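Shown next: target.txt, given as compact mmCIF, C-alpha atoms (C1' of nucleotides).
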```txt
# COMPACT_ATOMS: atom_id res chain seq x y z
CA MET A 1 0.00 0.00 0.00
CA THR A 2 2.97 2.26 0.50
CA THR A 3 4.35 1.69 -3.02
CA LEU A 4 1.34 1.61 -5.24
CA ASN A 5 2.35 3.89 -8.07
CA LYS A 6 4.33 2.64 -11.00
CA GLN A 7 6.02 5.97 -11.73
CA LYS A 8 9.70 6.31 -11.11
CA PRO A 9 9.48 7.63 -7.62
CA ASP A 10 12.47 9.93 -7.28
CA THR A 11 11.41 13.36 -8.44
CA ARG A 12 7.73 13.09 -7.81
CA GLN A 13 8.27 11.58 -4.39
CA ASN A 14 10.89 14.16 -3.51
CA LEU A 15 8.41 16.91 -4.30
CA ILE A 16 5.75 15.34 -2.12
CA GLN A 17 8.14 14.84 0.77
CA ALA A 18 9.48 18.37 0.54
CA ALA A 19 5.96 19.76 0.44
CA ALA A 20 4.91 17.61 3.39
CA TRP A 21 7.91 18.70 5.45
CA LEU A 22 7.31 22.38 4.76
CA ILE A 23 3.54 22.31 5.24
CA HIS A 24 4.16 20.49 8.51
CA ARG A 25 6.11 23.52 9.73
CA HIS A 26 4.71 26.55 7.94
CA GLY A 27 1.24 25.53 6.86
CA TYR A 28 -0.20 25.76 3.37
CA HIS A 29 -0.10 29.50 2.81
CA GLY A 30 3.24 29.80 4.52
CA THR A 31 4.83 27.33 2.12
CA GLY A 32 5.82 28.75 -1.25
CA LEU A 33 6.43 26.82 -4.44
CA SER A 34 9.94 28.23 -4.45
CA ASP A 35 10.54 26.72 -0.99
CA ILE A 36 9.34 23.32 -2.18
CA LEU A 37 11.44 23.53 -5.31
CA ALA A 38 14.54 24.57 -3.41
CA ARG A 39 14.12 21.81 -0.85
CA SER A 40 13.68 19.12 -3.49
CA ASN A 41 16.30 20.52 -5.87
CA ALA A 42 13.82 20.52 -8.71
CA PRO A 43 13.11 23.08 -11.40
CA LYS A 44 9.67 24.50 -11.76
CA GLY A 45 8.73 22.64 -14.91
CA VAL A 46 8.96 19.35 -13.09
CA LEU A 47 6.37 20.34 -10.54
CA TYR A 48 3.74 21.16 -13.14
CA TYR A 49 4.65 18.08 -15.14
CA HIS A 50 3.91 15.79 -12.20
CA PHE A 51 1.13 17.92 -10.68
CA PRO A 52 -0.80 19.71 -13.43
CA GLY A 53 -3.17 20.96 -10.75
CA GLY A 54 -0.36 22.98 -9.23
CA LYS A 55 0.08 23.76 -5.55
CA PRO A 56 -3.27 22.42 -4.32
CA GLU A 57 -2.76 19.07 -6.03
CA LEU A 58 0.73 18.72 -4.60
CA ALA A 59 -0.51 19.69 -1.15
CA VAL A 60 -3.21 17.02 -1.27
CA ALA A 61 -0.54 14.42 -2.07
CA ALA A 62 1.61 15.75 0.78
CA LEU A 63 -1.28 15.54 3.26
CA ALA A 64 -2.01 11.98 2.11
CA LEU A 65 1.61 11.06 2.75
CA THR A 66 1.52 12.59 6.20
CA THR A 67 -1.72 10.76 6.94
CA GLU A 68 -0.20 7.43 5.95
CA ILE A 69 3.03 7.92 7.88
CA PHE A 70 1.30 8.84 11.13
CA ASN A 71 -1.16 6.01 10.62
CA GLN A 72 1.76 3.58 10.43
CA GLN A 73 3.16 5.08 13.60
CA LEU A 74 -0.17 4.50 15.34
CA LEU A 75 -0.21 0.86 14.20
CA MET A 76 3.36 0.32 15.33
CA ALA A 77 2.60 1.89 18.69
CA ALA A 78 -0.38 -0.45 19.02
CA LYS A 79 1.88 -3.45 18.59
CA ARG A 80 3.99 -2.31 21.51
CA THR A 81 1.09 -1.82 23.90
CA ARG A 82 -1.14 -4.35 25.62
CA THR A 83 -3.85 -2.14 27.14
CA ALA A 84 -5.98 0.78 26.05
CA THR A 85 -4.37 2.86 28.77
CA GLY A 86 -0.94 2.00 27.45
CA PHE A 87 -1.98 2.96 23.94
CA ILE A 88 -3.26 6.35 25.09
CA LYS A 89 0.14 6.98 26.65
CA ALA A 90 1.78 5.88 23.41
CA MET A 91 -0.32 8.39 21.47
CA ALA A 92 0.81 11.10 23.85
CA ASP A 93 4.42 10.09 23.21
CA LEU A 94 3.91 10.24 19.43
CA THR A 95 2.34 13.66 19.75
CA LYS A 96 5.21 14.92 21.89
CA GLU A 97 7.84 13.43 19.63
CA ASP A 98 7.00 15.65 16.67
CA LEU A 99 7.24 18.74 18.81
CA LEU A 100 10.47 17.77 20.52
CA VAL A 101 12.46 16.61 17.50
CA SER A 102 11.49 19.77 15.61
CA ASP A 103 12.08 22.06 18.59
CA TYR A 104 8.39 23.06 18.49
CA ARG A 105 8.55 23.97 14.82
CA ALA A 106 6.18 21.29 13.56
CA GLY A 107 2.54 20.84 14.45
CA CYS A 108 -0.10 18.69 12.83
CA PRO A 109 -0.27 19.55 9.14
CA LEU A 110 -3.88 18.47 8.86
CA THR A 111 -5.08 20.82 11.57
CA THR A 112 -2.99 23.70 10.29
CA THR A 113 -4.12 23.29 6.70
CA ALA A 114 -7.72 22.72 7.68
CA LEU A 115 -7.87 25.90 9.73
CA GLU A 116 -6.11 27.95 7.07
CA THR A 117 -8.02 26.88 4.02
CA ALA A 118 -11.43 25.46 4.93
CA PRO A 119 -13.68 25.80 3.12
CA GLU A 120 -12.04 27.80 0.35
CA GLU A 121 -9.96 25.00 -1.07
CA PRO A 122 -12.37 22.07 -1.00
CA ALA A 123 -9.75 19.57 -2.13
CA LEU A 124 -7.55 20.42 0.84
CA THR A 125 -10.42 20.36 3.30
CA THR A 126 -11.40 16.94 2.00
CA ALA A 127 -7.83 15.69 2.34
CA CYS A 128 -7.79 16.84 5.96
CA ARG A 129 -11.16 15.30 6.73
CA ASP A 130 -10.12 12.00 5.16
CA GLY A 131 -6.84 12.05 7.06
CA PHE A 132 -8.57 12.58 10.39
CA GLU A 133 -11.00 9.79 9.54
CA VAL A 134 -8.14 7.39 8.80
CA TRP A 135 -6.48 8.15 12.11
CA ILE A 136 -9.68 8.01 14.15
CA SER A 137 -10.69 4.70 12.56
CA THR A 138 -7.30 3.23 13.30
CA VAL A 139 -7.40 4.38 16.91
CA ALA A 140 -10.96 3.10 17.32
CA ASN A 141 -9.94 -0.31 15.96
CA ILE A 142 -7.03 -0.45 18.36
CA PHE A 143 -9.30 0.37 21.30
CA GLU A 144 -11.60 -2.41 20.16
CA THR A 145 -8.76 -4.92 20.14
CA HIS A 146 -8.18 -3.88 23.74
CA GLY A 147 -11.71 -4.86 24.62
CA LEU A 148 -13.76 -1.70 24.27
CA PRO A 149 -17.18 -2.10 22.69
CA LYS A 150 -17.40 -0.67 19.18
CA VAL A 151 -19.39 2.46 19.97
CA LYS A 152 -17.33 3.41 23.00
CA ALA A 153 -14.11 2.75 21.10
CA ARG A 154 -15.15 5.15 18.37
CA ARG A 155 -16.19 7.81 20.85
CA LEU A 156 -12.94 7.59 22.76
CA ALA A 157 -11.00 7.70 19.50
CA GLU A 158 -12.70 10.95 18.50
CA GLN A 159 -12.13 12.41 21.95
CA SER A 160 -8.48 11.39 21.78
CA MET A 161 -7.89 12.96 18.39
CA ALA A 162 -9.59 16.20 19.42
CA GLY A 163 -7.69 16.34 22.70
CA PHE A 164 -4.27 15.64 21.26
CA GLU A 165 -4.71 17.99 18.31
CA GLY A 166 -5.69 20.85 20.59
CA ALA A 167 -2.97 20.05 23.10
CA LEU A 168 -0.42 20.05 20.30
CA ALA A 169 -1.32 23.57 19.28
CA ILE A 170 -1.25 24.94 22.81
CA ALA A 171 1.99 23.11 23.62
CA ARG A 172 3.61 24.71 20.61
CA THR A 173 2.89 28.22 21.83
CA ARG A 174 4.31 27.39 25.25
CA LYS A 175 7.28 25.31 24.18
CA ASP A 176 6.11 22.88 26.84
CA VAL A 177 4.58 19.47 26.27
CA SER A 178 3.01 18.96 29.68
CA ILE A 179 -0.51 19.72 28.44
CA ILE A 180 -0.21 16.65 26.21
CA ASP A 181 0.35 14.38 29.21
CA LEU A 182 -2.50 16.12 30.97
CA THR A 183 -4.73 15.34 28.01
CA ALA A 184 -3.65 11.69 28.12
CA ASP A 185 -4.51 11.56 31.83
CA GLY A 186 -7.96 12.91 31.08
CA LEU A 187 -8.56 10.34 28.34
CA ILE A 188 -7.49 7.56 30.68
CA GLN A 189 -10.02 8.80 33.22
CA ILE A 190 -12.74 8.71 30.57
CA LEU A 191 -11.69 5.18 29.68
CA THR A 192 -11.75 4.09 33.30
CA ALA A 193 -15.13 5.69 33.92
CA GLN A 194 -16.55 3.85 30.92
CA ARG A 195 -15.23 0.53 32.17
CA GLN A 196 -17.30 0.67 35.33
CA MET B 1 -10.71 47.20 30.60
CA THR B 2 -12.37 47.15 27.21
CA THR B 3 -11.79 50.86 26.51
CA LEU B 4 -8.39 51.64 27.89
CA ASN B 5 -6.79 53.59 25.05
CA LYS B 6 -7.24 57.28 24.74
CA GLN B 7 -6.85 57.39 20.95
CA LYS B 8 -9.81 58.26 18.82
CA PRO B 9 -11.02 54.75 18.28
CA ASP B 10 -12.59 54.81 14.82
CA THR B 11 -9.86 54.12 12.31
CA ARG B 12 -7.48 52.22 14.53
CA GLN B 13 -10.26 50.11 15.98
CA ASN B 14 -11.74 49.47 12.56
CA LEU B 15 -8.39 48.14 11.38
CA ILE B 16 -8.09 45.83 14.38
CA GLN B 17 -11.62 44.52 13.95
CA ALA B 18 -11.16 43.94 10.24
CA ALA B 19 -7.88 42.12 10.85
CA ALA B 20 -9.46 40.03 13.61
CA TRP B 21 -12.38 39.05 11.40
CA LEU B 22 -10.16 38.05 8.50
CA ILE B 23 -7.56 36.20 10.56
CA HIS B 24 -10.41 34.34 12.22
CA ARG B 25 -11.38 32.95 8.81
CA HIS B 26 -8.22 32.82 6.73
CA GLY B 27 -5.38 32.75 9.23
CA TYR B 28 -2.40 35.05 9.33
CA HIS B 29 -0.74 34.21 6.04
CA GLY B 30 -4.06 33.94 4.29
CA THR B 31 -5.01 37.49 5.24
CA GLY B 32 -3.48 40.21 3.07
CA LEU B 33 -3.03 43.85 3.97
CA SER B 34 -5.18 44.71 0.99
CA ASP B 35 -7.99 42.57 2.41
CA ILE B 36 -7.76 44.34 5.75
CA LEU B 37 -7.66 47.75 4.09
CA ALA B 38 -10.61 46.96 1.87
CA ARG B 39 -12.68 45.66 4.78
CA SER B 40 -11.98 48.70 6.92
CA ASN B 41 -12.21 51.23 4.07
CA ALA B 42 -8.84 52.67 4.97
CA PRO B 43 -5.91 53.74 2.82
CA LYS B 44 -2.54 52.13 3.33
CA GLY B 45 -0.88 55.09 5.00
CA VAL B 46 -3.27 54.87 7.91
CA LEU B 47 -2.25 51.33 8.70
CA TYR B 48 1.42 52.19 9.02
CA TYR B 49 0.60 55.35 10.91
CA HIS B 50 -1.25 53.44 13.63
CA PHE B 51 0.89 50.29 13.44
CA PRO B 52 4.47 51.18 12.55
CA GLY B 53 5.37 47.53 13.04
CA GLY B 54 3.20 46.61 10.08
CA LYS B 55 1.25 43.41 9.68
CA PRO B 56 2.64 41.56 12.71
CA GLU B 57 1.86 44.43 15.07
CA LEU B 58 -1.68 44.72 13.76
CA ALA B 59 -2.15 40.96 14.03
CA VAL B 60 -1.05 41.01 17.66
CA ALA B 61 -3.66 43.65 18.39
CA ALA B 62 -6.27 41.61 16.54
CA LEU B 63 -5.44 38.48 18.53
CA ALA B 64 -5.64 40.47 21.76
CA LEU B 65 -9.11 41.68 20.76
CA THR B 66 -10.24 38.14 19.97
CA THR B 67 -8.84 36.95 23.28
CA GLU B 68 -10.76 39.59 25.18
CA ILE B 69 -14.05 39.03 23.36
CA PHE B 70 -14.06 35.28 23.89
CA ASN B 71 -13.01 35.78 27.48
CA GLN B 72 -16.07 37.96 28.02
CA GLN B 73 -18.21 35.27 26.45
CA LEU B 74 -16.78 32.74 28.89
CA LEU B 75 -17.56 35.02 31.82
CA MET B 76 -21.08 35.63 30.59
CA ALA B 77 -21.63 31.92 30.10
CA ALA B 78 -20.43 31.34 33.67
CA LYS B 79 -23.10 33.68 34.98
CA ARG B 80 -25.77 31.61 33.30
CA THR B 81 -24.61 28.28 34.72
CA ARG B 82 -24.77 26.88 38.23
CA THR B 83 -22.61 23.76 37.95
CA ALA B 84 -19.29 22.79 36.45
CA THR B 85 -21.12 20.36 34.20
CA GLY B 86 -23.39 23.12 32.99
CA PHE B 87 -20.43 25.32 32.26
CA ILE B 88 -18.74 22.62 30.19
CA LYS B 89 -21.90 22.37 28.11
CA ALA B 90 -21.92 26.15 27.78
CA MET B 91 -18.33 26.07 26.48
CA ALA B 92 -19.38 23.51 23.90
CA ASP B 93 -22.19 25.81 22.82
CA LEU B 94 -19.81 28.74 22.46
CA THR B 95 -17.45 26.62 20.41
CA LYS B 96 -20.26 25.45 18.15
CA GLU B 97 -21.69 28.91 17.76
CA ASP B 98 -18.65 30.29 15.91
CA LEU B 99 -18.75 27.44 13.45
CA LEU B 100 -22.47 27.59 12.84
CA VAL B 101 -22.88 31.33 12.41
CA SER B 102 -19.96 31.43 9.98
CA ASP B 103 -21.06 28.29 8.11
CA TYR B 104 -17.82 26.59 9.16
CA ARG B 105 -15.68 29.41 7.83
CA ALA B 106 -14.26 30.55 11.16
CA GLY B 107 -12.10 28.56 13.52
CA CYS B 108 -10.08 29.67 16.50
CA PRO B 109 -7.71 32.42 15.37
CA LEU B 110 -5.21 31.66 18.12
CA THR B 111 -4.80 28.05 17.10
CA THR B 112 -4.62 28.87 13.42
CA THR B 113 -2.06 31.62 13.87
CA ALA B 114 -0.03 29.61 16.34
CA LEU B 115 0.26 26.65 13.99
CA GLU B 116 1.06 28.83 11.00
CA THR B 117 3.69 31.08 12.49
CA ALA B 118 5.28 29.50 15.57
CA PRO B 119 8.08 30.02 16.21
CA GLU B 120 9.03 32.27 13.30
CA GLU B 121 7.07 35.30 14.41
CA PRO B 122 7.77 35.41 18.16
CA ALA B 123 5.38 38.28 18.77
CA LEU B 124 2.49 36.31 17.30
CA THR B 125 3.38 33.14 19.16
CA THR B 126 3.49 35.12 22.39
CA ALA B 127 0.11 36.67 21.65
CA CYS B 128 -1.36 33.19 21.13
CA ARG B 129 0.24 31.81 24.27
CA ASP B 130 -1.03 34.75 26.32
CA GLY B 131 -4.49 34.39 24.84
CA PHE B 132 -4.69 30.71 25.73
CA GLU B 133 -3.46 31.52 29.22
CA VAL B 134 -6.20 34.13 29.69
CA TRP B 135 -8.89 31.69 28.62
CA ILE B 136 -7.53 28.79 30.66
CA SER B 137 -7.23 30.96 33.78
CA THR B 138 -10.76 32.17 33.37
CA VAL B 139 -12.11 28.66 32.93
CA ALA B 140 -10.09 27.42 35.90
CA ASN B 141 -11.49 30.21 38.07
CA ILE B 142 -14.99 29.35 37.02
CA PHE B 143 -14.47 25.69 37.87
CA GLU B 144 -13.18 26.80 41.27
CA THR B 145 -16.31 28.81 41.91
CA HIS B 146 -18.23 25.62 41.21
CA GLY B 147 -16.36 23.86 43.98
CA LEU B 148 -13.38 22.21 42.33
CA PRO B 149 -10.09 22.37 44.22
CA LYS B 150 -7.56 24.73 42.65
CA VAL B 151 -5.25 22.13 41.12
CA LYS B 152 -8.02 20.03 39.66
CA ALA B 153 -9.77 23.11 38.31
CA ARG B 154 -6.62 24.14 36.47
CA ARG B 155 -6.10 20.67 35.05
CA LEU B 156 -9.66 20.39 33.83
CA ALA B 157 -9.41 23.86 32.31
CA GLU B 158 -6.34 22.85 30.31
CA GLN B 159 -7.99 19.63 29.23
CA SER B 160 -11.09 21.56 28.20
CA MET B 161 -9.18 24.07 26.11
CA ALA B 162 -7.17 21.37 24.36
CA GLY B 163 -10.25 19.27 23.70
CA PHE B 164 -12.42 22.05 22.34
CA GLU B 165 -9.63 23.52 20.18
CA GLY B 166 -8.97 20.17 18.58
CA ALA B 167 -12.64 19.38 18.19
CA LEU B 168 -13.15 22.74 16.50
CA ALA B 169 -10.57 21.96 13.84
CA ILE B 170 -11.94 18.50 13.12
CA ALA B 171 -15.53 19.73 13.11
CA ARG B 172 -14.60 22.32 10.52
CA THR B 173 -13.32 19.72 8.07
CA ARG B 174 -16.50 17.68 8.50
CA LYS B 175 -19.02 20.49 8.58
CA ASP B 176 -20.43 18.68 11.60
CA VAL B 177 -20.28 19.85 15.21
CA SER B 178 -21.04 16.53 16.89
CA ILE B 179 -17.42 15.94 17.90
CA ILE B 180 -17.68 19.07 20.05
CA ASP B 181 -20.53 17.57 22.07
CA LEU B 182 -18.58 14.34 22.31
CA THR B 183 -15.66 16.28 23.74
CA ALA B 184 -17.94 17.94 26.27
CA ASP B 185 -19.24 14.53 27.32
CA GLY B 186 -15.70 13.32 27.87
CA LEU B 187 -14.82 16.36 29.98
CA ILE B 188 -17.92 15.81 32.10
CA GLN B 189 -16.81 12.22 32.70
CA ILE B 190 -13.41 13.46 33.81
CA LEU B 191 -15.11 15.90 36.14
CA THR B 192 -17.34 13.21 37.59
CA ALA B 193 -14.46 10.80 38.05
CA GLN B 194 -12.51 13.46 39.94
CA ARG B 195 -15.43 14.13 42.26
CA GLN B 196 -15.40 10.61 43.61
C1' DT C 1 -5.75 84.02 11.10
C1' DC C 2 -2.14 81.21 11.02
C1' DC C 3 0.71 77.63 12.78
C1' DT C 4 1.47 73.01 14.17
C1' DC C 5 0.59 68.47 15.03
C1' DT C 6 -2.43 64.55 14.02
C1' DA C 7 -4.29 61.82 10.75
C1' DT C 8 -5.67 60.57 6.08
C1' DA C 9 -4.74 59.51 1.33
C1' DG C 10 -2.81 56.88 -2.23
C1' DA C 11 1.07 56.65 -5.64
C1' DC C 12 4.90 53.95 -5.82
C1' DC C 13 8.43 50.19 -4.99
C1' DA C 14 11.12 45.90 -5.03
C1' DG C 15 10.35 41.29 -4.19
C1' DT C 16 7.68 37.22 -4.41
C1' DC C 17 3.64 34.63 -5.59
C1' DG C 18 1.61 30.73 -8.39
C1' DG C 19 1.61 29.52 -13.07
C1' DT C 20 2.90 29.02 -18.29
C1' DC C 21 5.82 28.09 -21.96
C1' DT C 22 9.45 26.40 -24.91
C1' DA C 23 13.82 24.13 -25.29
C1' DT C 24 16.60 20.40 -24.05
C1' DT C 25 18.03 15.97 -22.20
C1' DC C 26 17.20 11.27 -21.02
C1' DT C 27 15.31 6.75 -21.88
C1' DT C 28 13.80 3.06 -24.52
C1' DG C 29 11.89 0.24 -28.04
C1' DA C 30 12.18 -0.54 -33.06
C1' DT D 1 21.11 4.13 -35.09
C1' DC D 2 17.42 6.70 -34.71
C1' DA D 3 12.83 8.22 -33.62
C1' DA D 4 9.48 9.32 -30.01
C1' DG D 5 7.70 9.94 -25.70
C1' DA D 6 8.95 10.91 -20.85
C1' DA D 7 11.07 13.93 -17.97
C1' DT D 8 13.98 17.87 -16.80
C1' DA D 9 15.33 22.63 -17.01
C1' DG D 10 14.62 27.35 -16.26
C1' DA D 11 13.33 31.81 -18.55
C1' DC D 12 9.44 34.41 -18.33
C1' DC D 13 4.76 36.37 -16.96
C1' DG D 14 1.09 39.22 -14.75
C1' DA D 15 -0.75 39.73 -10.32
C1' DC D 16 -0.12 40.61 -5.85
C1' DT D 17 2.68 40.98 -1.44
C1' DG D 18 4.16 43.87 2.55
C1' DG D 19 6.22 48.22 3.00
C1' DT D 20 7.80 53.31 2.08
C1' DC D 21 7.20 57.91 0.85
C1' DT D 22 5.35 62.41 -0.04
C1' DA D 23 1.36 65.32 -0.26
C1' DT D 24 -2.68 66.92 1.83
C1' DA D 25 -6.61 67.54 4.84
C1' DG D 26 -8.43 68.32 9.57
C1' DA D 27 -8.32 69.93 14.33
C1' DG D 28 -7.00 72.87 18.11
C1' DG D 29 -4.31 76.45 20.39
C1' DA D 30 -2.09 81.02 20.20
```
Once more with this new file: its structure as structure tokens, please.
Amino acid sequence: MTTLNKQKPDTRQNLIQAAAWLIHRHGYHGTGLSDILARSNAPKGVLYYHFPGGKPELAVAALALTTEIFNQQLLMAAKRTRTATGFIKAMADLTKEDLLVSDYRAGCPLTTTALETAPEEPALTTACRDGFEVWISTVANIFETHGLPKVKARRLAEQSMAGFEGALAIARTRKDVSIIDLTADGLIQILTAQRQ
Amino acid sequence: MTTLNKQKPDTRQNLIQAAAWLIHRHGYHGTGLSDILARSNAPKGVLYYHFPGGKPELAVAALALTTEIFNQQLLMAAKRTRTATGFIKAMADLTKEDLLVSDYRAGCPLTTTALETAPEEPALTTACRDGFEVWISTVANIFETHGLPKVKARRLAEQSMAGFEGALAIARTRKDVSIIDLTADGLIQILTAQRQ
DNA sequence: TCCTCTATAGACCAGTCGGTCTATTCTTGA
DNA sequence: TCAAGAATAGACCGACTGGTCTATAGAGGA
């Protein structure tokens, strides 16, 4: 699923990765084509050859890549955890990791792009919505494997995504990740309350 | 506190309000000076007369205005509610209101700006951090008046802000506010669990 | 009445934006 | 060996960006 396309991956993939990296840090409007081109060492003609739709089309591909990568991280984290509580803590760690390795320069590209562009660029809004849905479904499935009933698993997954996304934004302004742990604690309390 | 400055308010205040309205919808990078000028019917010279620091300085003022307005809405909502649970529901209603009256065109300007610009525009990041702190302090105080101990009130306030901010972003991509109510339900469960 | 300071007005600027276009190079099958 | 499509390369474009500058209008005191 990660290598579906038959195209020679180098240039096209480099463009997508460069765009994803930059949008992750500066958002959609804050990322210029010239930045993407410089980062991927590509001339302009190449971009419009691979993405006739221009910047929006490339951004959609970049958001899809980001969605897939984080989804894989969620699945890997699930393999390492044996309880729903443990998985919530693992999600908190994943959320913190992005902030710490980037020195608070990178947030969630889906949230950033969604807030910047919805609903003016429908393709981008759709990409964000689909990305959130992928993540929430994955998290809900993981909660189910840890014994939560389907409906409660889905609810807790939505609450988790909302909590961590908001905590990420606030943590970035503070250069302090503690609100992410606080959010995890809250989710664990919800989980525990539901178990009773 | 709402009318501290001695300056004749018209032009300057119009600029701030126009900037706040636009940043609310399109974010910092998505809002151009020309948009702000057009919306406030002002020529360019006026902007740089009142805000020598240019766009960033005006944006900081706009974020401060937004902070203050929403803070007043929190305080008003607190007057209408008698329990912590009721206040959580009132926060959910406030969060939903922005989305619904703007047809999902407006999110939280603090979150949007923070994700777009941190940490490249320190003044903006600071304005966002300060804004979040104002809101969280207000919410924590309100929880205290409803009987929560200080530490727990602060924790629940942080969890609330994170949850509603994240829910707002996701709701915007879906054009559906239900995740905001779900978030409120989760916060109420945390509250109840802490009461035991 | 005139002077001075505040504020308004908008022409103008260099730089950058996303996007188009044509020329060239690479690759590959005949 | 050569033709043809795929891919690369970057010059070029109009529109727009945030920002500067000078000219002028308005207000208030002497």
Distance-based interface of chain A with chain D, 7 Å, counting only C-alpha atoms (C1' of nucleotides), as a PyMOL selection string: chain A and resi 43+45-46
Would you save the residues of that selection, restricted to C-alpha atoms, as an mmCIF file, in the frame of the given file?
```cif
data_model
loop_
_atom_site.group_PDB
_atom_site.id
_atom_site.type_symbol
_atom_site.label_atom_id
_atom_site.label_comp_id
_atom_site.auth_asym_id
_atom_site.auth_seq_id
_atom_site.Cartn_x
_atom_site.Cartn_y
_atom_site.Cartn_z
ATOM 1 C CA PRO A 43 13.110 23.080 -11.400
ATOM 2 C CA GLY A 45 8.730 22.640 -14.910
ATOM 3 C CA VAL A 46 8.960 19.350 -13.090
#
```
Counting all atoms listed in the file, what are the residues of chain C within 10 Å of chain B, and for each of them which pair of atoms is the nearest and at what distance in Å, to one decimal? Sort the table by chain and rising number, as CSV.
```
residue,atom,partner,partner_atom,distance
C:DA7,C1',B:Val46,CA,7.6
C:DT8,C1',B:Val46,CA,6.4
C:DA9,C1',B:Pro43,CA,6.1
C:DG10,C1',B:Pro43,CA,6.7
```
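Here atom CA of Trp135 of chain A and atom CA of Thr95 of chain B stand 23.0 Å from one another.
Closest approach to chain B among A:Glu116, A:Glu57, A:Asp176, A:Asp35 is made by A:Glu116 (distances from all atoms listed in the file).
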Select residues of chain B: the criterion is any atom within 9 Å of an atom of chain A, counting only C-alpha atoms; output as a compact mmCIF listing (two decimals) with C-alpha atoms, keeping the file's coordinate frame.
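Here's the written file part_6.txt:
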```
# COMPACT_ATOMS: atom_id res chain seq x y z
CA ARG B 25 -11.38 32.95 8.81
CA HIS B 26 -8.22 32.82 6.73
CA GLY B 27 -5.38 32.75 9.23
CA TYR B 28 -2.40 35.05 9.33
CA HIS B 29 -0.74 34.21 6.04
CA GLY B 30 -4.06 33.94 4.29
CA TYR B 104 -17.82 26.59 9.16
CA ARG B 105 -15.68 29.41 7.83
CA ALA B 106 -14.26 30.55 11.16
CA GLY B 107 -12.10 28.56 13.52
CA CYS B 108 -10.08 29.67 16.50
CA PRO B 109 -7.71 32.42 15.37
CA THR B 111 -4.80 28.05 17.10
CA THR B 112 -4.62 28.87 13.42
CA THR B 113 -2.06 31.62 13.87
CA ALA B 114 -0.03 29.61 16.34
CA LEU B 115 0.26 26.65 13.99
CA GLU B 116 1.06 28.83 11.00
CA THR B 117 3.69 31.08 12.49
CA ALA B 118 5.28 29.50 15.57
CA PRO B 119 8.08 30.02 16.21
CA GLU B 120 9.03 32.27 13.30
CA THR B 125 3.38 33.14 19.16
CA THR B 126 3.49 35.12 22.39
CA ALA B 127 0.11 36.67 21.65
CA CYS B 128 -1.36 33.19 21.13
CA ARG B 129 0.24 31.81 24.27
CA ASP B 130 -1.03 34.75 26.32
CA PHE B 132 -4.69 30.71 25.73
CA ARG B 155 -6.10 20.67 35.05
CA LEU B 156 -9.66 20.39 33.83
CA GLU B 158 -6.34 22.85 30.31
CA GLN B 159 -7.99 19.63 29.23
CA SER B 160 -11.09 21.56 28.20
CA MET B 161 -9.18 24.07 26.11
CA ALA B 162 -7.17 21.37 24.36
CA GLY B 163 -10.25 19.27 23.70
CA PHE B 164 -12.42 22.05 22.34
CA GLU B 165 -9.63 23.52 20.18
CA GLY B 166 -8.97 20.17 18.58
CA ALA B 167 -12.64 19.38 18.19
CA LEU B 168 -13.15 22.74 16.50
CA ALA B 169 -10.57 21.96 13.84
CA ILE B 170 -11.94 18.50 13.12
CA ALA B 171 -15.53 19.73 13.11
CA ARG B 172 -14.60 22.32 10.52
CA THR B 173 -13.32 19.72 8.07
CA ARG B 174 -16.50 17.68 8.50
CA ILE B 179 -17.42 15.94 17.90
CA ILE B 180 -17.68 19.07 20.05
CA LEU B 182 -18.58 14.34 22.31
CA THR B 183 -15.66 16.28 23.74
CA GLY B 186 -15.70 13.32 27.87
CA LEU B 187 -14.82 16.36 29.98
CA ILE B 188 -17.92 15.81 32.10
CA GLN B 189 -16.81 12.22 32.70
CA ILE B 190 -13.41 13.46 33.81
CA THR B 192 -17.34 13.21 37.59
CA ALA B 193 -14.46 10.80 38.05
CA GLN B 194 -12.51 13.46 39.94
```
All residues 7 Å or closer to Ala19 of chain B, all atoms listed in the file, same chain fewer than 4 positions away omitted, as a ChimeraX atom specification: /B:15,23,36,59,62
Residues from last step as file, C-alpha atoms, as an mmCIF file, keeping the file's coordinate frame:
```cif
data_model
loop_
_atom_site.group_PDB
_atom_site.id
_atom_site.type_symbol
_atom_site.label_atom_id
_atom_site.label_comp_id
_atom_site.auth_asym_id
_atom_site.auth_seq_id
_atom_site.Cartn_x
_atom_site.Cartn_y
_atom_site.Cartn_z
ATOM 1 C CA LEU B 15 -8.390 48.140 11.380
ATOM 2 C CA ILE B 23 -7.560 36.200 10.560
ATOM 3 C CA ILE B 36 -7.760 44.340 5.750
ATOM 4 C CA ALA B 59 -2.150 40.960 14.030
ATOM 5 C CA ALA B 62 -6.270 41.610 16.540
#
```
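If you look at atom CA of Thr83 of chain B and atom CA of Phe143 of chain B, they are 8.4 Å away from each other.
When atom CA of Ala20 of chain B is paired with atom CA of Thr66 of chain B, their separation reads 6.7 Å.
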Within 9 Å of Asn14 of chain A using only C-alpha atoms (C1' of nucleotides), minus same-chain residues under 2 positions, as a list in words: Pro9, Asp10, Thr11, Arg12, Ile16, Gln17, Ala18, Ala19, Arg39, Ser40, Asn41 and Ala42 of chain A
